[in-house]
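Asks: Here it is, the structure, as structure tokens.
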Amino acid sequence: MSEAREISIRDALNEAMSEEMRTDENIFLMGEEVGSYNGAYKCSRGMLDEFGAKRVIDTPIAENGFAGIGVGAAMAGLRPIIEFMTFNFSLIAIDQVINSAAKGRLMSGGALECPIVFRGPSGATFQVGAQHTNSFDGIYANTPGLKVIAPSTPHDMKGLLKSAIRDDNPVVFFESELTYSLKGHVPEEEYVIPIGEAEVKREGTDITLITWSKNYFLTEKVANALAEKGISAEIVDLRTLRPFDKETVLNSVAKTHRAVVIQEMYEIASYGSYIAHVIQSEIFDELDAPVGLVSSLEVPMPYSKVLEPVILPSVERCVAKVMKTLEGAL
Amino acid sequence: METAQNTNNLYSSGSTGMDVELIANLYRQMYRIRRFEEEAARAYTERKIGGFLHLYIGQEAVAVGTMSVLNEEDYVMTAYRCHGHYLAKGGSAREGMAELFGKSTGCAKGRGGSMHFYDVEKRFMGGWGIVGAQIPVAAGLAFAQKYKQEEGITVAFLGDGAVNIGPFHEGMSLAALWKLPIVIVIENNGFAMGTPLEKTAPVDDLSIRALGYPMARDTVDGHDVFAVRSAIHTAARRAREQSLPTLIECKTYRYRGHSMADPAKYRTKDDVQEWKDRDPILVMGEKLENLGSGDLKKQIDEEIENEIQDAVKFAHDSPFPELDTATDYCMKD
């Protein structure tokens, strides 16, 4: 029966938070609209009713303030889940995430602990303009002291959010407005997914496509398009950005000998560049071509619906990059 | 609203002036900080201490007056000028000095430095370097105390240079909204680094910042350790009994520059002397002598001198962190 159960990402996240909150009184959810409004994207639907206003806490629009309160509460023994309505607004609070949460343990010689989750949607949605469209994967992934999680499927969202809530370190957890309604298999039974483990989501032999977050779904489309051309693509869904699961990536690329990273970040100083560096420095001899990288074009996101798809990675751009990487092999 | 004019007389210098034990203790705590920092300054000029060194010299009555009415379970958090608060909350002089020397025996194992002192067991929670950012974090400590229905309260310190930055106001706003048991103490030493207060804020009494949230407020002479005690006592009781926040401004002065790198040319020697003339350590020392406790004062001086010299020696003799521990303490396994 449970095999057949399909639920949306918003419900998977809701289950993850609610299940953990039932087991530990010290966990609370705080953010804008998380309570009576049931969450800007309805991820916390019903949670105020179940857990009450002490543990599902609506905040004023003051990201630095409530993120900082979360950090202090974590240092005093609570386990806060801080929801950013979008990670665009986390820039107001980024000082608390990076300078307070991520650095407190080191600065105190290990005396301070900060078990906190900062979660919310990140990356592009449709036509919300430059200030509401940005990938922050690289900024947070470049911060020692944080764990950074960017899952794709409902199954991974639930299992990883539960792990994030149980982790004793500060965790940044990326979701996407575009996939909250997306449904997928989520078992009824309790499960967690360890932080730091990538997953081969599709096996293939000709090329490895490395991606994370909602771009996993784009990458499946890319793999389907390649299949029609007789090209067998393997997909590695990173799921966690920090720590980086080098082993899974290198094993896959050592098998296929070619790799393309598909990311929504801008290319300069990006996470994909780091992956390419690791592959090339660790298994250079296994590579039959340079590692390819598909990223957003280097411009803040314009509004018009015809421009947005040009900026973001598309099936066409990804397929073209794969074909270039495969040049001479076909 | 509390004001400096109606402070509780129980804690003012007038009515408790004869309490030798209390005066001796306040004197001891303030003098301990003073001597610790004088030796730190010396070690800095000898290049045993690196980076920034922001001295608290002149402001001791604020930290000592405050801690003298707090309990063990109360949290304290402050900004980067943190040695005084650390020592006054019970931090060890040895571990503090070793931290300045970057040694593995330091209170942050050589990872924090001057701006990041901690003694989490004593509930001294640091030592934070981004101006104003510690106020929401401290409010979070108070939030947790209320959430867990604990006895303690939180006291958060900031400088006058922090009253114009957003996080201070967000922290104040949430502390008032959620009725958090916190006392927020502005140490107004007249300068945001080298910029005088009149160029950064259009008010004389910074506690007026409390009005809009609103929360109770007080402005006191930060050189009068009894006035500080009284104000904090009242505010702490408000936090403990009613779970309400208070903003207190202590008008004080730092005798040294903003950091060791600052010759403080933005003020005159007379400006500084005016405050030094009524130095709280001097005043408490004289009070002890006038009460016929000159011998006690001498004994305290000796004890503190021994403690500080021992701390310097301890710091000097302690080992640096092992190089293969460079990435330790970042993550919990």
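Going by the structure tokens order, chains are called A, B, ..., each with residues numbered from 1, while ligands are numbered from 1 in the order shown.
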Dump as JSON lines the rows for residues of chain A within 10 Å of chain B: closest atom pair and distance in Å with one decimal, only C-alpha atoms counted, ordered by chain and rising residue number.
Replies:
```
{"residue": "A:Glu25", "atom": "CA", "partner": "B:Lys148", "partner_atom": "CA", "distance": 9.5}
{"residue": "A:Asn26", "atom": "CA", "partner": "B:Lys148", "partner_atom": "CA", "distance": 8.3}
{"residue": "A:Phe28", "atom": "CA", "partner": "B:Tyr147", "partner_atom": "CA", "distance": 10.0}
{"residue": "A:Lys54", "atom": "CA", "partner": "B:Tyr147", "partner_atom": "CA", "distance": 7.7}
{"residue": "A:Arg55", "atom": "CA", "partner": "B:Tyr147", "partner_atom": "CA", "distance": 9.0}
{"residue": "A:Thr59", "atom": "CA", "partner": "B:Leu174", "partner_atom": "CA", "distance": 8.4}
{"residue": "A:Pro60", "atom": "CA", "partner": "B:Leu174", "partner_atom": "CA", "distance": 8.1}
{"residue": "A:Ile61", "atom": "CA", "partner": "B:Glu170", "partner_atom": "CA", "distance": 9.3}
{"residue": "A:Ala62", "atom": "CA", "partner": "B:Glu170", "partner_atom": "CA", "distance": 6.1}
{"residue": "A:Glu63", "atom": "CA", "partner": "B:Glu170", "partner_atom": "CA", "distance": 8.4}
{"residue": "A:Asn64", "atom": "CA", "partner": "B:Pro167", "partner_atom": "CA", "distance": 6.1}
{"residue": "A:Gly65", "atom": "CA", "partner": "B:Glu170", "partner_atom": "CA", "distance": 4.7}
{"residue": "A:Phe66", "atom": "CA", "partner": "B:Pro136", "partner_atom": "CA", "distance": 7.1}
{"residue": "A:Ala67", "atom": "CA", "partner": "B:Pro136", "partner_atom": "CA", "distance": 7.9}
{"residue": "A:Gly68", "atom": "CA", "partner": "B:Val137", "partner_atom": "CA", "distance": 4.5}
{"residue": "A:Ile69", "atom": "CA", "partner": "B:Gly140", "partner_atom": "CA", "distance": 3.7}
{"residue": "A:Gly70", "atom": "CA", "partner": "B:Gly140", "partner_atom": "CA", "distance": 5.9}
{"residue": "A:Val71", "atom": "CA", "partner": "B:Val137", "partner_atom": "CA", "distance": 5.9}
{"residue": "A:Gly72", "atom": "CA", "partner": "B:Gly140", "partner_atom": "CA", "distance": 4.0}
{"residue": "A:Ala73", "atom": "CA", "partner": "B:Gly140", "partner_atom": "CA", "distance": 4.4}
{"residue": "A:Ala74", "atom": "CA", "partner": "B:Gly140", "partner_atom": "CA", "distance": 7.8}
{"residue": "A:Met75", "atom": "CA", "partner": "B:Leu141", "partner_atom": "CA", "distance": 7.2}
{"residue": "A:Ala76", "atom": "CA", "partner": "B:Leu141", "partner_atom": "CA", "distance": 5.6}
{"residue": "A:Gly77", "atom": "CA", "partner": "B:Ala144", "partner_atom": "CA", "distance": 7.4}
{"residue": "A:Leu78", "atom": "CA", "partner": "B:Ala144", "partner_atom": "CA", "distance": 6.6}
{"residue": "A:Arg79", "atom": "CA", "partner": "B:Ala144", "partner_atom": "CA", "distance": 9.9}
{"residue": "A:Ile92", "atom": "CA", "partner": "B:Pro167", "partner_atom": "CA", "distance": 9.5}
{"residue": "A:Ala93", "atom": "CA", "partner": "B:Pro167", "partner_atom": "CA", "distance": 9.0}
{"residue": "A:Asp95", "atom": "CA", "partner": "B:Ala133", "partner_atom": "CA", "distance": 7.7}
{"residue": "A:Gln96", "atom": "CA", "partner": "B:Ala133", "partner_atom": "CA", "distance": 7.1}
{"residue": "A:Asn99", "atom": "CA", "partner": "B:Ile130", "partner_atom": "CA", "distance": 7.8}
{"residue": "A:Ser100", "atom": "CA", "partner": "B:Val137", "partner_atom": "CA", "distance": 8.1}
{"residue": "A:Ala101", "atom": "CA", "partner": "B:Val137", "partner_atom": "CA", "distance": 9.5}
{"residue": "A:Ala102", "atom": "CA", "partner": "B:Cys330", "partner_atom": "CA", "distance": 8.1}
{"residue": "A:Lys103", "atom": "CA", "partner": "B:Cys330", "partner_atom": "CA", "distance": 7.4}
{"residue": "A:Gly104", "atom": "CA", "partner": "B:Cys330", "partner_atom": "CA", "distance": 8.6}
{"residue": "A:Arg105", "atom": "CA", "partner": "B:Cys330", "partner_atom": "CA", "distance": 6.0}
{"residue": "A:Leu106", "atom": "CA", "partner": "B:Cys330", "partner_atom": "CA", "distance": 4.8}
{"residue": "A:Met107", "atom": "CA", "partner": "B:Gly112", "partner_atom": "CA", "distance": 4.4}
{"residue": "A:Ser108", "atom": "CA", "partner": "B:Ala108", "partner_atom": "CA", "distance": 4.6}
{"residue": "A:Gly109", "atom": "CA", "partner": "B:Ala108", "partner_atom": "CA", "distance": 4.3}
{"residue": "A:Gly110", "atom": "CA", "partner": "B:Tyr329", "partner_atom": "CA", "distance": 4.8}
{"residue": "A:Ala111", "atom": "CA", "partner": "B:Val120", "partner_atom": "CA", "distance": 6.4}
{"residue": "A:Leu112", "atom": "CA", "partner": "B:Val120", "partner_atom": "CA", "distance": 7.1}
{"residue": "A:Glu113", "atom": "CA", "partner": "B:Lys332", "partner_atom": "CA", "distance": 8.0}
{"residue": "A:Cys114", "atom": "CA", "partner": "B:Lys332", "partner_atom": "CA", "distance": 9.5}
{"residue": "A:Pro115", "atom": "CA", "partner": "B:Lys332", "partner_atom": "CA", "distance": 9.6}
{"residue": "A:Pro144", "atom": "CA", "partner": "B:Cys330", "partner_atom": "CA", "distance": 7.1}
{"residue": "A:Gly145", "atom": "CA", "partner": "B:Cys330", "partner_atom": "CA", "distance": 5.4}
{"residue": "A:Leu146", "atom": "CA", "partner": "B:Met331", "partner_atom": "CA", "distance": 7.8}
{"residue": "A:Lys147", "atom": "CA", "partner": "B:Met331", "partner_atom": "CA", "distance": 9.0}
{"residue": "A:Asp167", "atom": "CA", "partner": "B:Lys332", "partner_atom": "CA", "distance": 8.7}
{"residue": "A:Asp168", "atom": "CA", "partner": "B:Lys332", "partner_atom": "CA", "distance": 6.4}
{"residue": "A:Asn169", "atom": "CA", "partner": "B:Lys332", "partner_atom": "CA", "distance": 6.2}
{"residue": "A:Pro170", "atom": "CA", "partner": "B:Met331", "partner_atom": "CA", "distance": 8.9}
```
Asks: Would you pick out the contacts of Val203 (chain B) at 12 Å or less, using only C-alpha atoms, so that residues sharing its chain but fewer than 4 positions from it are not included, and give the list as a list of chain:residue names?
Replies: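 Contacts, with the query itself left out: B:Asp160, B:Val163, B:Asn164, B:Leu197, B:Glu198, B:Lys199, B:Ser207, B:Ile208, B:Arg209.
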Asks: Any chance you can output those residues with C-alpha atoms as a short mmCIF file (atom, residue, chain, number, x, y, z; two decimals), in the first residue's frame?
Replies:
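Below you can see selection.cif, which holds the result:
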```cif
data_model
loop_
_atom_site.label_atom_id
_atom_site.label_comp_id
_atom_site.auth_asym_id
_atom_site.auth_seq_id
_atom_site.Cartn_x
_atom_site.Cartn_y
_atom_site.Cartn_z
CA ASP B 160 26.86 53.51 21.05
CA VAL B 163 22.39 51.88 17.90
CA ASN B 164 21.90 52.84 14.26
CA LEU B 197 28.13 60.52 19.06
CA GLU B 198 26.80 63.89 17.88
CA LYS B 199 27.70 62.90 14.33
CA SER B 207 17.88 54.86 25.73
CA ILE B 208 15.26 56.94 23.92
CA ARG B 209 15.61 54.32 21.20
#
```
Asks: Show me, as JSON, numbers by chain, the residues that have an atom within 9 Å of Glu38 (chain B) when counting only C-alpha atoms, minus same-chain residues fewer than 4 positions from it.
Replies: {"B": [33, 34, 42, 43, 55, 57]}
Asks: Now that the selection is made, can you save its residues with C-alpha atoms as a tab-separated table (two decimals), in the first residue's frame?
Replies:
```
chain	number	residue	atom	x	y	z
B	33	ILE	CA	39.84	43.80	34.49
B	34	ARG	CA	42.02	46.92	34.48
B	42	ARG	CA	51.95	45.51	27.12
B	43	ALA	CA	52.00	42.06	25.55
B	55	LEU	CA	40.60	47.60	25.37
B	57	ILE	CA	39.87	50.31	30.14
```
Asks: Set the distance at 10 Å and use only C-alpha atoms: which residues neighbour Glu307 (chain B) once local chain neighbours fewer than 2 positions away are removed? I'd like the list as a list of chain:residue names.
Replies: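 The contact residues come out as B:Arg32, B:Arg35, B:Phe36, B:Ser92, B:Ala93, B:Arg94, B:Asp301, B:Glu302, B:Glu303, B:Ile304, B:Glu305, B:Gln309, B:Asp310, B:Ala311, B:Val312, B:Lys313.
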Asks: Those same residues - C-alpha atoms - I'd like them written as a PDB file, in the first residue's frame.
Replies:
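Heads up, here's the output in out-v4.pdb:
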```
ATOM      1  CA  ARG B  32      41.108  42.756  37.914  1.00  0.00           C
ATOM      2  CA  ARG B  35      45.197  45.024  35.300  1.00  0.00           C
ATOM      3  CA  PHE B  36      44.367  42.217  32.882  1.00  0.00           C
ATOM      4  CA  SER B  92      39.486  32.788  34.028  1.00  0.00           C
ATOM      5  CA  ALA B  93      42.296  35.329  33.607  1.00  0.00           C
ATOM      6  CA  ARG B  94      44.661  32.533  32.621  1.00  0.00           C
ATOM      7  CA  ASP B 301      45.794  44.676  44.854  1.00  0.00           C
ATOM      8  CA  GLU B 302      48.375  42.037  45.658  1.00  0.00           C
ATOM      9  CA  GLU B 303      46.018  39.169  44.906  1.00  0.00           C
ATOM     10  CA  ILE B 304      45.031  40.661  41.580  1.00  0.00           C
ATOM     11  CA  GLU B 305      48.649  41.391  40.687  1.00  0.00           C
ATOM     12  CA  GLN B 309      51.148  37.920  36.446  1.00  0.00           C
ATOM     13  CA  ASP B 310      50.326  34.232  36.749  1.00  0.00           C
ATOM     14  CA  ALA B 311      47.936  34.584  33.793  1.00  0.00           C
ATOM     15  CA  VAL B 312      50.633  36.186  31.642  1.00  0.00           C
ATOM     16  CA  LYS B 313      53.099  33.469  32.579  1.00  0.00           C
TER      17      LYS B 313
END
```
Asks: Report, in Å to a single decimal, how far apart CA of Gln263 (chain A) and CA of Val322 (chain A) are.
Replies: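 Taking CA of Val322 (chain A) and CA of Gln263 (chain A), their separation equals 13.8 Å.
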Asks: CA of Lys298 (chain B) to CA of His83 (chain B): how many Å, to one decimal?
Replies: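 CA of Lys298 (chain B) sits 24.0 Å away from CA of His83 (chain B).
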Asks: Near Pro313 (chain A), counting only C-alpha atoms, which residues have an atom at most 10 Å away, once you skip same-chain residues fewer than 6 positions from it, shown as a list in words?
Replies: Asn215, Leu218, Thr219, Ile262, Gln263, Glu264, Met265, Val294, Ser295, Ser296 and Leu297 of chain A
Asks: Give me a file of those residues, with C-alpha atoms, as a compact mmCIF listing (two decimals), in the first residue's frame.
Replies:
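Here's the written file again36.txt:
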```txt
# COMPACT_ATOMS: atom_id res chain seq x y z
CA ASN A 215 17.36 20.97 -12.11
CA LEU A 218 15.42 19.30 -16.26
CA THR A 219 18.29 16.84 -16.42
CA ILE A 262 23.97 21.37 -15.09
CA GLN A 263 23.43 24.24 -12.64
CA GLU A 264 21.24 27.30 -12.26
CA MET A 265 24.08 29.35 -10.78
CA VAL A 294 25.81 24.61 -18.28
CA SER A 295 24.87 27.63 -16.16
CA SER A 296 22.63 30.68 -16.19
CA LEU A 297 23.76 33.54 -18.41
```
Asks: So which residues touch His277 (chain A) within 12 Å, counting only C-alpha atoms, skipping near sequence neighbours fewer than 2 positions away, as a VMD selection string?
Replies: chain A and resid 246 250 259 261 269 to 275 279 to 284 290 to 293
Asks: Those same residues, written as a compact mmCIF listing (two decimals), in the first residue's frame with C-alpha atoms?
Replies:
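This is the output file part-v1.txt:
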```
# COMPACT_ATOMS: atom_id res chain seq x y z
CA LYS A 246 33.11 13.19 -4.27
CA LEU A 250 34.09 10.26 -9.41
CA ALA A 259 30.73 14.70 -17.59
CA VAL A 261 27.39 19.75 -14.81
CA ALA A 269 33.06 31.23 -9.15
CA SER A 270 30.32 28.60 -9.21
CA TYR A 271 29.76 25.25 -7.55
CA GLY A 272 29.83 23.55 -10.95
CA SER A 273 33.32 24.94 -11.54
CA TYR A 274 34.37 23.29 -8.29
CA ILE A 275 32.95 19.94 -9.37
CA ILE A 279 36.95 15.66 -11.48
CA GLN A 280 39.82 16.98 -13.54
CA SER A 281 42.33 17.05 -10.71
CA GLU A 282 41.45 13.62 -9.31
CA ILE A 283 40.70 11.45 -12.36
CA PHE A 284 42.17 13.39 -15.26
CA PRO A 290 36.92 18.41 -20.70
CA VAL A 291 34.10 18.59 -18.15
CA GLY A 292 31.22 20.65 -19.55
CA LEU A 293 29.28 23.23 -17.58
```
Asks: Contacts of Ile235 (chain A) at 9 Å or less, counting only C-alpha atoms, minus same-chain residues fewer than 2 places along, as a ChimeraX atom specification?
Replies: /A:199-204,207-211,216,219-220,223,233,237,252
Asks: Write a file of the selected residues as a CSV table (one decimal), in the first residue's frame, keeping C-alpha atoms.
Replies:
```csv
chain,number,residue,atom,x,y,z
A,199,GLU,CA,22.4,9.4,-5.7
A,200,VAL,CA,22.8,7.9,-9.2
A,201,LYS,CA,19.2,8.5,-10.2
A,202,ARG,CA,19.6,7.1,-13.7
A,203,GLU,CA,22.2,4.7,-14.9
A,204,GLY,CA,24.0,5.2,-18.2
A,207,ILE,CA,28.2,10.5,-20.1
A,208,THR,CA,27.5,11.6,-16.5
A,209,LEU,CA,25.2,14.5,-16.0
A,210,ILE,CA,25.7,16.0,-12.5
A,211,THR,CA,23.0,18.2,-11.1
A,216,TYR,CA,17.3,17.2,-11.6
A,219,THR,CA,18.3,16.8,-16.4
A,220,GLU,CA,15.9,13.9,-16.8
A,223,ALA,CA,18.7,12.4,-20.7
A,233,ALA,CA,23.3,9.4,-19.9
A,237,ASP,CA,21.7,14.0,-8.2
A,252,SER,CA,30.3,7.6,-12.2
```
Asks: Give the strand (DSSP E or B) residues of region 105-314 of chain A, as assigned by DSSP on the backbone, as a ChimeraX atom specification.
Replies: /A:117-121,147-149,171-175,183-185,199-202,207-211,233-237,240-242,259-266,292-296
Asks: Would you mind writing down, as a list in words, each residue of region 243-277 of chain B that DSSP on the backbone assigns to alpha helix (DSSP H)?
Replies: Lys269, Asp270, Asp271, Val272, Gln273, Glu274, Trp275 and Lys276 of chain B
Asks: Point out the residue among B:Ser259, B:Asn25, B:Asn188, B:Thr325 with the least atom-to-atom distance to His54 (chain B), counting only C-alpha atoms.
Replies: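 Counting only C-alpha atoms, the residue closest to His54 (chain B) is B:Ser259.
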Asks: One decimal, Å: what's the distance from CA of Arg240 (chain B) over to CA of Asp74 (chain B), could you say?
Replies: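 Calculated distance between CA of Arg240 (chain B) and CA of Asp74 (chain B) is 10.2 Å.
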